[in-house]
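**Q** Supplied structure: start.txt, compact mmCIF, C-alpha atoms and all ligand atoms.
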# COMPACT_ATOMS: atom_id res chain seq x y z
CA MET L 235 9.19 -16.88 8.93
CA GLY L 236 6.23 -14.56 8.78
CA GLU L 237 5.22 -12.79 5.63
CA TYR L 238 4.64 -9.29 6.74
CA SER L 239 2.68 -6.39 5.58
CA SER L 240 3.14 -3.43 7.79
CA THR L 241 0.99 -0.43 8.19
CA LYS L 242 3.18 2.37 9.36
CA ARG L 243 2.08 5.16 11.53
CA PRO L 244 2.07 8.69 10.20
CA PRO L 245 4.60 11.14 11.64
CA ARG L 246 1.75 13.50 12.28
CA ALA L 247 -1.30 11.61 13.40
CA LYS L 248 -4.51 12.72 11.76
CA ALA L 249 -7.70 12.86 13.72
CA LEU L 250 -9.16 9.39 13.84
CA GLY L 251 -12.75 8.29 14.08
CA ALA L 252 -14.18 11.26 12.22
CA ALA L 253 -17.85 10.97 11.41
CA PHE L 254 -17.45 11.24 7.63
CA CYS L 255 -15.70 7.87 7.62
CA LEU L 256 -18.96 6.14 8.50
CA ALA L 257 -20.68 7.05 5.27
CA ALA L 258 -18.82 5.03 2.69
CA SER L 259 -19.41 1.53 3.99
CA LEU L 260 -23.04 1.84 5.08
CA CYS L 261 -24.59 1.50 1.64
CA ALA L 262 -23.25 -2.02 1.20
CA ALA L 263 -25.51 -3.17 4.04
CA VAL L 264 -28.69 -1.93 2.38
CA PRO L 265 -30.54 -4.92 0.94
CA PRO L 266 -31.55 -4.61 -2.70
CA ALA L 267 -35.19 -3.87 -3.37
CA PRO L 268 -37.02 -6.99 -4.54
CA GLY L 269 -37.32 -7.32 -8.29
CA LEU L 270 -34.58 -4.79 -8.95
CA GLN L 271 -31.42 -5.84 -10.66
CA ARG L 272 -28.26 -4.45 -9.32
CA VAL L 273 -24.62 -4.72 -10.15
CA VAL L 274 -22.72 -6.33 -7.32
CA GLU L 275 -19.14 -5.18 -7.03
CA ALA L 276 -18.24 -6.97 -3.85
CA PRO L 277 -19.88 -10.02 -2.31
CA ALA L 278 -22.48 -8.67 0.07
CA PRO L 279 -22.79 -10.97 3.04
CA ARG L 280 -26.14 -11.34 4.77
CA HIS L 281 -24.52 -10.94 8.14
CA THR L 282 -21.82 -8.86 9.69
CA ARG L 283 -18.87 -10.14 11.63
CA ALA L 284 -16.86 -8.94 14.59
CA LEU L 285 -13.14 -9.15 15.14
CA LEU L 286 -11.30 -7.95 18.25
CA GLY L 287 -14.61 -6.72 19.60
CA VAL L 288 -15.09 -4.47 16.57
CA ARG L 289 -18.29 -4.84 14.54
CA LEU L 290 -17.19 -4.97 10.89
CA SER L 291 -19.19 -3.40 8.10
CA ALA L 292 -20.88 -5.72 5.62
CA GLU L 293 -18.15 -5.15 3.06
CA VAL L 294 -15.29 -5.86 5.48
CA SER L 295 -17.22 -8.88 6.79
CA GLY L 296 -17.25 -10.09 3.19
CA TRP L 297 -13.45 -9.80 3.02
CA LEU L 298 -13.15 -11.83 6.22
CA ASP L 299 -15.61 -14.42 4.90
CA GLU L 300 -13.66 -14.80 1.67
CA VAL L 301 -10.30 -15.18 3.43
CA GLU L 302 -11.66 -17.79 5.83
CA ALA L 303 -13.52 -19.69 3.11
CA LYS L 304 -10.45 -19.88 0.90
CA LEU L 305 -8.07 -20.76 3.73
CA GLY L 306 -10.55 -23.13 5.33
CA ARG L 307 -9.75 -21.71 8.78
CA GLU L 308 -10.80 -18.92 11.04
CA VAL L 309 -8.62 -15.84 10.98
CA TYR L 310 -6.76 -15.30 14.24
CA ALA L 311 -6.68 -11.70 15.42
CA GLU L 312 -5.07 -10.03 18.41
CA PHE L 313 -4.01 -6.70 19.80
CA ALA L 314 -0.27 -6.62 20.39
CA GLU L 315 2.61 -4.24 20.94
CA LEU L 316 4.02 -4.21 17.42
CA ASP L 317 7.05 -2.01 17.87
CA GLU L 318 10.28 -2.92 19.52
CA GLU L 319 10.65 -1.93 23.11
CA GLY L 320 11.97 1.60 23.38
CA ALA L 321 10.78 2.60 19.91
CA GLY L 322 9.22 5.61 21.61
CA GLU L 323 6.32 5.78 19.20
CA ASP L 324 3.88 3.39 17.58
CA TYR L 325 5.27 3.07 14.07
CA THR L 326 3.55 -0.16 13.12
CA LEU L 327 -0.23 -0.06 13.10
CA GLY L 328 -0.99 -3.53 11.86
CA VAL L 329 0.62 -6.71 10.60
CA SER L 330 -0.76 -9.73 8.79
CA TYR L 331 0.62 -13.04 7.61
CA LEU L 332 -0.16 -16.70 7.20
CA THR L 333 1.27 -19.20 9.64
CA GLY L 334 3.00 -22.33 8.37
CA ALA L 335 -0.28 -24.17 8.94
CA GLY L 336 -2.13 -21.72 6.68
CA VAL L 337 -3.91 -19.73 9.38
CA GLY L 338 -4.43 -16.07 8.57
CA VAL L 339 -3.19 -13.79 11.36
CA VAL L 340 -4.09 -10.15 11.87
CA ARG L 341 -2.27 -8.21 14.56
CA VAL L 342 -3.31 -4.69 15.46
CA ASP L 343 -1.23 -2.36 17.57
CA GLU L 344 -2.60 -2.26 21.10
CA SER L 345 -2.81 1.54 20.95
CA PHE L 346 -5.98 0.97 18.87
CA ARG L 347 -7.85 -0.30 21.91
CA ALA L 348 -8.19 3.38 22.82
CA ARG L 349 -8.54 4.90 19.35
CA GLY L 350 -12.11 3.88 18.67
CA ALA L 351 -13.82 1.13 16.71
CA LYS L 352 -13.71 2.89 13.32
CA ALA L 353 -9.93 3.33 13.42
CA ALA L 354 -9.45 -0.27 14.55
CA GLU L 355 -11.76 -1.47 11.76
CA ALA L 356 -9.67 0.46 9.24
CA VAL L 357 -6.49 -1.36 10.29
CA ILE L 358 -8.26 -4.73 10.47
CA GLY L 359 -9.77 -4.10 7.03
CA HIS L 360 -6.43 -3.08 5.55
CA GLU L 361 -4.75 -6.22 6.82
CA LEU L 362 -7.65 -8.38 5.61
CA LEU L 363 -7.13 -6.91 2.13
CA HIS L 364 -3.51 -8.09 2.24
CA LEU L 365 -4.65 -11.53 3.45
CA ARG L 366 -7.29 -11.64 0.72
CA LEU L 367 -4.54 -11.27 -1.87
CA ARG L 368 -2.76 -14.26 -0.30
CA ALA L 369 -5.99 -16.24 -0.34
CA ARG L 370 -6.46 -15.28 -4.02
CA GLY L 371 -3.01 -16.62 -4.86
CA TYR L 372 -1.03 -13.39 -5.11
CA PRO L 373 2.68 -14.14 -4.59
CA LEU L 374 5.21 -13.03 -2.02
CA PHE L 375 8.91 -12.71 -2.76
CA LEU L 376 11.93 -13.96 -0.83
CA PHE L 377 15.63 -13.58 -1.60
CA SER L 378 17.15 -16.90 -2.51
CA PRO L 379 19.84 -17.77 0.08
CA GLU L 380 22.70 -17.56 -2.42
CA VAL L 381 22.08 -13.87 -3.19
CA MET L 382 24.76 -11.97 -1.31
CA THR L 383 25.37 -8.31 -0.50
CA MET L 384 28.42 -6.56 0.94
CA ARG L 385 26.79 -6.88 4.35
CA GLY L 386 25.81 -10.53 4.11
CA ARG L 387 22.99 -12.60 2.72
CA ALA L 388 20.35 -10.48 1.02
CA VAL L 389 17.59 -12.43 2.77
CA ASP L 390 19.06 -11.32 6.12
CA VAL L 391 19.77 -7.65 5.36
CA GLU L 392 17.56 -6.62 2.42
CA GLN L 393 14.37 -8.66 2.80
CA SER L 394 12.52 -5.85 4.59
CA ASN L 395 12.92 -3.66 1.47
CA VAL L 396 11.44 -6.45 -0.65
CA ASN L 397 8.48 -6.71 1.73
CA ASP L 398 7.98 -2.94 1.57
CA LEU L 399 8.07 -2.99 -2.23
CA VAL L 400 5.45 -5.76 -2.34
CA SER L 401 3.29 -3.81 0.12
CA LEU L 402 3.43 -0.71 -2.08
CA ILE L 403 2.28 -2.75 -5.08
CA GLU L 404 -0.47 -4.44 -3.07
CA HIS L 405 -1.72 -1.10 -1.73
CA ARG L 406 -2.15 -0.07 -5.36
CA VAL L 407 -4.14 -3.24 -6.04
CA PHE L 408 -6.68 -2.56 -3.29
CA ALA L 409 -6.60 1.24 -3.32
CA SER L 410 -10.20 1.43 -4.53
CA GLU L 411 -11.46 -0.61 -1.55
CA MET L 412 -9.51 1.60 0.83
CA ARG L 413 -11.04 4.69 -0.74
CA ARG L 414 -14.57 3.34 -0.94
CA THR L 415 -14.61 2.40 2.74
CA GLY L 416 -12.96 5.65 3.81
CA PHE L 417 -10.16 3.62 5.42
CA ASP L 418 -7.56 5.54 3.43
CA LYS L 419 -8.48 8.60 5.51
CA LEU L 420 -8.42 6.63 8.77
CA VAL L 421 -5.26 4.63 8.13
CA ASP L 422 -2.90 7.33 7.11
CA LEU L 423 0.08 5.49 5.64
CA THR L 424 2.29 8.55 5.55
CA ASN L 425 5.46 8.10 7.42
CA GLY L 426 8.99 9.13 7.02
CA LEU L 427 8.79 12.91 7.03
CA GLY L 428 9.89 13.39 10.62
CA ALA L 429 12.17 10.36 10.38
CA ALA L 430 13.73 11.74 7.18
CA ARG L 431 14.44 15.05 8.92
CA ARG L 432 16.06 13.29 11.83
CA ARG L 433 18.27 11.25 9.50
CA ARG L 434 20.00 14.30 8.11
CA GLY L 435 23.70 13.66 7.73
CA THR L 436 23.31 9.99 6.90
CA GLU L 437 23.43 8.41 3.45
CA ASP L 438 20.25 7.41 1.71
CA SER L 439 19.48 3.84 0.83
CA GLN L 440 16.71 1.69 -0.58
CA ALA L 441 14.62 2.45 2.51
CA GLU L 442 14.57 6.18 1.63
CA THR L 443 13.69 5.35 -1.98
CA LEU L 444 10.76 3.25 -0.78
CA ASN L 445 9.64 5.95 1.66
CA TYR L 446 9.65 8.55 -1.08
CA ALA L 447 7.73 6.29 -3.45
CA ARG L 448 5.19 5.56 -0.70
CA ALA L 449 4.73 9.28 -0.13
CA ALA L 450 4.28 9.97 -3.84
CA LEU L 451 1.75 7.15 -4.21
CA GLU L 452 -0.20 7.29 -0.98
CA TRP L 453 0.07 10.58 0.85
CA ASP L 454 -2.44 12.34 -1.36
CA ASP L 455 -1.08 15.63 -0.04
CA ALA L 456 0.97 17.72 -2.48
CA ARG L 457 2.18 20.10 0.20
CA LEU L 458 3.51 17.33 2.45
CA LEU L 459 5.14 15.61 -0.54
CA GLU L 460 6.85 18.87 -1.49
CA GLU L 461 8.09 19.11 2.10
CA LEU L 462 9.56 15.61 1.89
CA THR L 463 11.16 16.54 -1.45
CA ARG L 464 12.84 19.50 0.24
CA VAL L 465 14.09 17.27 3.06
CA HIS L 466 15.60 14.86 0.52
CA ARG L 467 17.35 17.72 -1.26
CA ALA L 468 18.59 19.23 2.02
CA ASN L 469 19.92 15.83 3.07
CA GLY L 470 21.70 15.35 -0.24
CA TRP L 471 19.51 12.35 -1.02
CA SER L 472 19.31 12.90 -4.76
CA ARG L 473 19.48 9.21 -5.59
CA SER L 474 16.55 8.16 -3.41
CA LEU L 475 14.58 11.16 -4.65
CA ALA L 476 15.07 10.26 -8.32
CA ASP L 477 14.66 6.53 -7.75
CA GLY L 478 11.64 7.06 -5.52
CA ARG L 479 9.92 9.02 -8.28
CA ARG L 480 10.75 6.35 -10.87
CA LEU L 481 9.49 3.63 -8.57
CA ALA L 482 6.25 5.50 -7.94
CA ASP L 483 5.77 5.98 -11.70
CA ILE L 484 6.24 2.25 -12.31
CA ILE L 485 3.74 1.26 -9.64
CA ARG L 486 1.24 3.95 -10.63
CA ALA L 487 1.31 2.81 -14.26
CA ALA L 488 1.04 -0.88 -13.37
CA ASN L 489 -2.11 -2.70 -14.36
CA VAL L 490 -2.47 -5.48 -11.83
CA ASN L 491 -5.61 -7.56 -12.21
CA ALA L 492 -4.37 -11.07 -11.51
CA PRO L 493 -1.71 -12.81 -9.40
CA GLY L 494 0.57 -13.18 -12.41
CA ASP L 495 0.64 -9.42 -12.97
CA ILE L 496 2.63 -8.77 -9.77
CA ALA L 497 6.03 -10.25 -10.68
CA PRO L 498 6.71 -8.02 -13.74
CA VAL L 499 5.99 -4.87 -11.70
CA PHE L 500 8.04 -6.22 -8.81
CA LEU L 501 11.04 -6.92 -11.05
CA ARG L 502 10.90 -3.45 -12.60
CA GLY L 503 10.81 -2.01 -9.09
CA MET L 504 13.77 -4.15 -7.99
CA ALA L 505 15.78 -2.93 -11.00
CA VAL L 506 15.24 0.66 -9.81
CA LEU L 507 15.95 -0.11 -6.15
CA TYR L 508 19.14 -2.09 -6.70
CA ARG L 509 20.23 -1.09 -10.22
CA ALA L 510 20.59 -4.78 -10.94
CA GLU L 511 18.55 -7.35 -12.78
CA PHE L 512 16.82 -10.15 -10.94
CA THR L 513 14.69 -13.10 -11.90
CA VAL L 514 12.03 -14.87 -9.86
CA GLU L 515 10.85 -18.45 -9.81
CA PRO L 516 8.41 -20.35 -7.61
CA ASP L 517 9.87 -21.87 -4.46
CA ARG L 518 8.88 -25.50 -5.00
CA ARG L 519 9.46 -26.40 -1.38
CA PHE L 520 7.30 -23.62 0.03
CA ALA L 521 4.86 -25.14 2.54
CA LEU L 522 1.90 -22.91 1.59
CA SER L 523 2.29 -23.15 -2.19
CA LYS L 524 -1.21 -24.60 -2.52
CA ILE L 525 -2.49 -21.22 -1.25
CA TYR L 526 -0.09 -18.77 -2.88
CA PRO L 527 3.34 -18.96 -4.47
CA GLN L 528 6.47 -17.83 -2.73
CA MET L 529 8.77 -16.55 -5.43
CA LEU L 530 12.52 -16.89 -4.94
CA ILE L 531 14.55 -13.88 -6.07
CA ARG L 532 17.76 -14.70 -7.87
CA ALA L 533 20.43 -12.41 -9.26
CA ARG L 534 20.52 -12.53 -13.03
CA ARG L 535 24.00 -13.29 -14.31
CA PRO L 536 25.29 -10.74 -16.79
CA ALA L 537 24.46 -12.11 -20.22
CA ARG L 538 27.86 -11.57 -21.85
CA THR L 539 30.18 -12.38 -19.03
CA ARG L 540 32.93 -14.83 -19.84
CA ARG L 541 34.19 -15.21 -16.37
CA ARG L 542 33.44 -18.48 -14.70
CA ARG L 543 33.41 -19.12 -11.03
ZN ZN L 601 -0.42 -2.52 3.97
Let's see the structure in the file written out as C-alpha cells.
Ligand SMILES: [Zn+2]

**A**
Amino acid sequence: MGEYSSTKRPPRAKALGAAFCLAASLCAAVPPAPGLQRVVEAPAPRHTRALLGVRLSAEVSGWLDEVEAKLGREVYAEFAELDEEGAGEDYTLGVSYLTGAGVGVVRVDESFRARGAKAAEAVIGHELLHLRLRARGYPLFLFSPEVMTMRGRAVDVEQSNVNDLVSLIEHRVFASEMRRTGFDKLVDLTNGLGAARRRRGTEDSQAETLNYARAALEWDDARLLEELTRVHRANGWSRSLADGRRLADIIRAANVNAPGDIAPVFLRGMAVLYRAEFTVEPDRRFALSKIYPQMLIRARRPARTRRRR
C-alpha cells in the first residue's frame, strides 16, 4: 500500500510560472565569498539536479540529494494521470510515497508537461519535502485492522482522512521552505470551494472538516476563506465549520521540530475529527521501519467501562 501525500488542485487555478517566483531560490546558488563566514540554513549543493527534464534549483537539488543519500537509492519520478478516469478536472497535482523496497517515488500530474518548468518544479519540490520527512524518520499513521466503523473497517473507509490530516501537519512543518522558494504561490493548495458549493444538500463529514482546516491554514486569502465559511453555513455544515477551525488552531499552534512531535498533534487532531480518543504505537512488522515508523492507530477503550466483550 502506498503512503500518499496529495497535492490538490485549486478550484480556481492561479496563474502559474509568474516571474516573481524565480527570485526566491536563486540566492541559494550564489557561492559564498572566500573568507566570509555565513550561516547555512539548508545544505547548499555544489551542483544542481534535474528531474523529469526540469532543472532544479540548488535548494531543491539539496532536498533530492538528502532523500537519495538517506534512502540509499535514486528517487523515481514520472508524469502520470493522477485522477480517476472521468474526474473531469485535474484534482491531484502530485503524489509521493516509498515503495516496499524503500525507493522514493514522485508522481506529477501529466498536465504539468504543459504548465512550464517552474510550476513542475514546485510540485516536485513539494513532494520531495514530504519524502524528506520520511527519510528523516517522520512517521505515517495507519488504522489498525480491528478498528471498525459503521461502514466497515476504518482502514478501508477512513484512511484517506488520516492521510489528509498527516499532510496538513507536514505542510506546517515545511511551510517555511515552501514560502522561501515561492512554491507556495505556484502550488496553490486551495481546493474545496467549488466542490463545497456543489455538495449543497449533503451532510458534512470529516472530509469537510479537513477541507475547512486546510483552507484556514493554507489559503492565505481571507476573502476566499470567508466565502468558504459562507458556503459551510449555507449548507448547514456547522459541525465541520467548528471542527475545522479547532483543527486549524491545533495545527497552527503545534511546535513540530522532530519526528516524535508529530504523534501528539496527530492525536489531538483525531480527537477533533472523530470525537473519540485514539492511541498510536509503532507497527513492529512494518517493512520500512528502519527508515520511518508506521504508527498503528487503535481505539482507546473507555477508562471506566465495566462491560467486557
Ligand atoms: Zn502535500

**Q** To one decimal place in Å, what is the distance between CA of Ile531 in chain L and CA of Val381 in chain L?

**A** 8.1 Å

**Q** Figure out the distance between CA of Phe520 in chain L and CA of Phe377 in chain L, please, to one decimal in Å.

**A**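 These two atoms are separated by 13.1 Å.
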
**Q** Can you tell me, as a list in words, what residues are no more than 8 Å from Leu444 in chain L when counting all atoms listed in the file, ignoring any on the same chain fewer than 3 positions away?

**A**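 Contacts, in chain order: Asn395, Asp398, Leu399, Gln440, Ala441, Ala447, Arg448, Gly478 and Leu481 of chain L.
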
**Q** Given the choices L:Met384, L:Val391, L:Gly338, L:Arg406, which gets closest to Val490 in chain L if the distance is worked out from all atoms listed in the file?

**A**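 Nearest candidate to Val490 in chain L out of L:Met384, L:Val391, L:Gly338, L:Arg406: L:Arg406.
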
**Q** Please determine, counting only C-alpha atoms and all ligand atoms, which residue among L:Ala409, L:Leu298, L:Ala303, L:Leu376 has the shortest atom-to-atom distance to ligand ZN 601 (chain L).

**A**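 Of L:Ala409, L:Leu298, L:Ala303, L:Leu376, the one nearest ligand ZN 601 (chain L) is L:Ala409, counting only C-alpha atoms and all ligand atoms.
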
**Q** Between L:Thr513, L:Thr463, L:Thr436, L:Ser378, which has the minimum distance to Ala449 in chain L (counting all atoms listed in the file)?

**A**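 Ranking L:Thr513, L:Thr463, L:Thr436, L:Ser378 by distance to Ala449 in chain L, first place goes to L:Thr463.
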
**Q** With distances taken over all atoms listed in the file, which residue among L:Glu437, L:Asp483, L:Asp343, L:Glu404 lies nearest Thr326 in chain L?

**A** L:Asp343

**Q** Please report the interatomic distance between CA of Pro527 in chain L and CA of His360 in chain L in Å with one decimal.

**A**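 Computing the Euclidean distance for CA of Pro527 in chain L and CA of His360 in chain L yields 21.2 Å.
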
**Q** Which of these residues is nearest to Ala497 in chain L, using all atoms listed in the file: L:Arg283, L:Ala356, L:Pro373, L:Val389?

**A**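 Of L:Arg283, L:Ala356, L:Pro373, L:Val389, the one nearest Ala497 in chain L, counting all atoms listed in the file, is L:Pro373.
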
**Q** Could you tell me, as a list in words, which residues have any atom at most 9 Å from (-10.4, 2.3, 4.2), counting only C-alpha atoms?

**A** Cys255, Ala258, Glu355, Ala356, Val357, Gly359, His360, Ala409, Ser410, Glu411, Met412, Arg413, Arg414, Thr415, Gly416, Phe417, Asp418, Lys419, Leu420 and Val421 of chain L

**Q** Give as a PyMOL selection string each residue that has an atom at most 10 Å from (10.4, -3.5, -4.3) in the file, counting only C-alpha atoms.

**A** chain L and resi 375+393-403+440-441+443-444+481+485+499-508

**Q** Which residue, L:Thr282, L:Glu312, L:Gly334, L:Glu361, has the smallest gap to ligand ZN 601 (chain L) when you use only C-alpha atoms and all ligand atoms?

**A**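 Comparing L:Thr282, L:Glu312, L:Gly334, L:Glu361 against ligand ZN 601 (chain L), the winner is L:Glu361.
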
**Q** His466 in chain L: which residues within 9 Å, counting all atoms listed in the file, same-chain residues fewer than 3 positions away excluded, as a list in words?

**A** Ala430, Arg431, Arg434, Asp438, Glu442, Tyr446, Glu461, Leu462, Thr463, Asn469, Gly470, Trp471, Ser472, Ser474 and Leu475 of chain L

**Q** Mind dumping the selected residues with C-alpha atoms as a compact mmCIF listing (two decimals), in the coordinates of the input?

**A**
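File produced: result_27.txt:
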# COMPACT_ATOMS: atom_id res chain seq x y z
CA ALA L 430 13.73 11.74 7.18
CA ARG L 431 14.44 15.05 8.92
CA ARG L 434 20.00 14.30 8.11
CA ASP L 438 20.25 7.41 1.71
CA GLU L 442 14.57 6.18 1.63
CA TYR L 446 9.65 8.55 -1.08
CA GLU L 461 8.09 19.11 2.10
CA LEU L 462 9.56 15.61 1.89
CA THR L 463 11.16 16.54 -1.45
CA ASN L 469 19.92 15.83 3.07
CA GLY L 470 21.70 15.35 -0.24
CA TRP L 471 19.51 12.35 -1.02
CA SER L 472 19.31 12.90 -4.76
CA SER L 474 16.55 8.16 -3.41
CA LEU L 475 14.58 11.16 -4.65
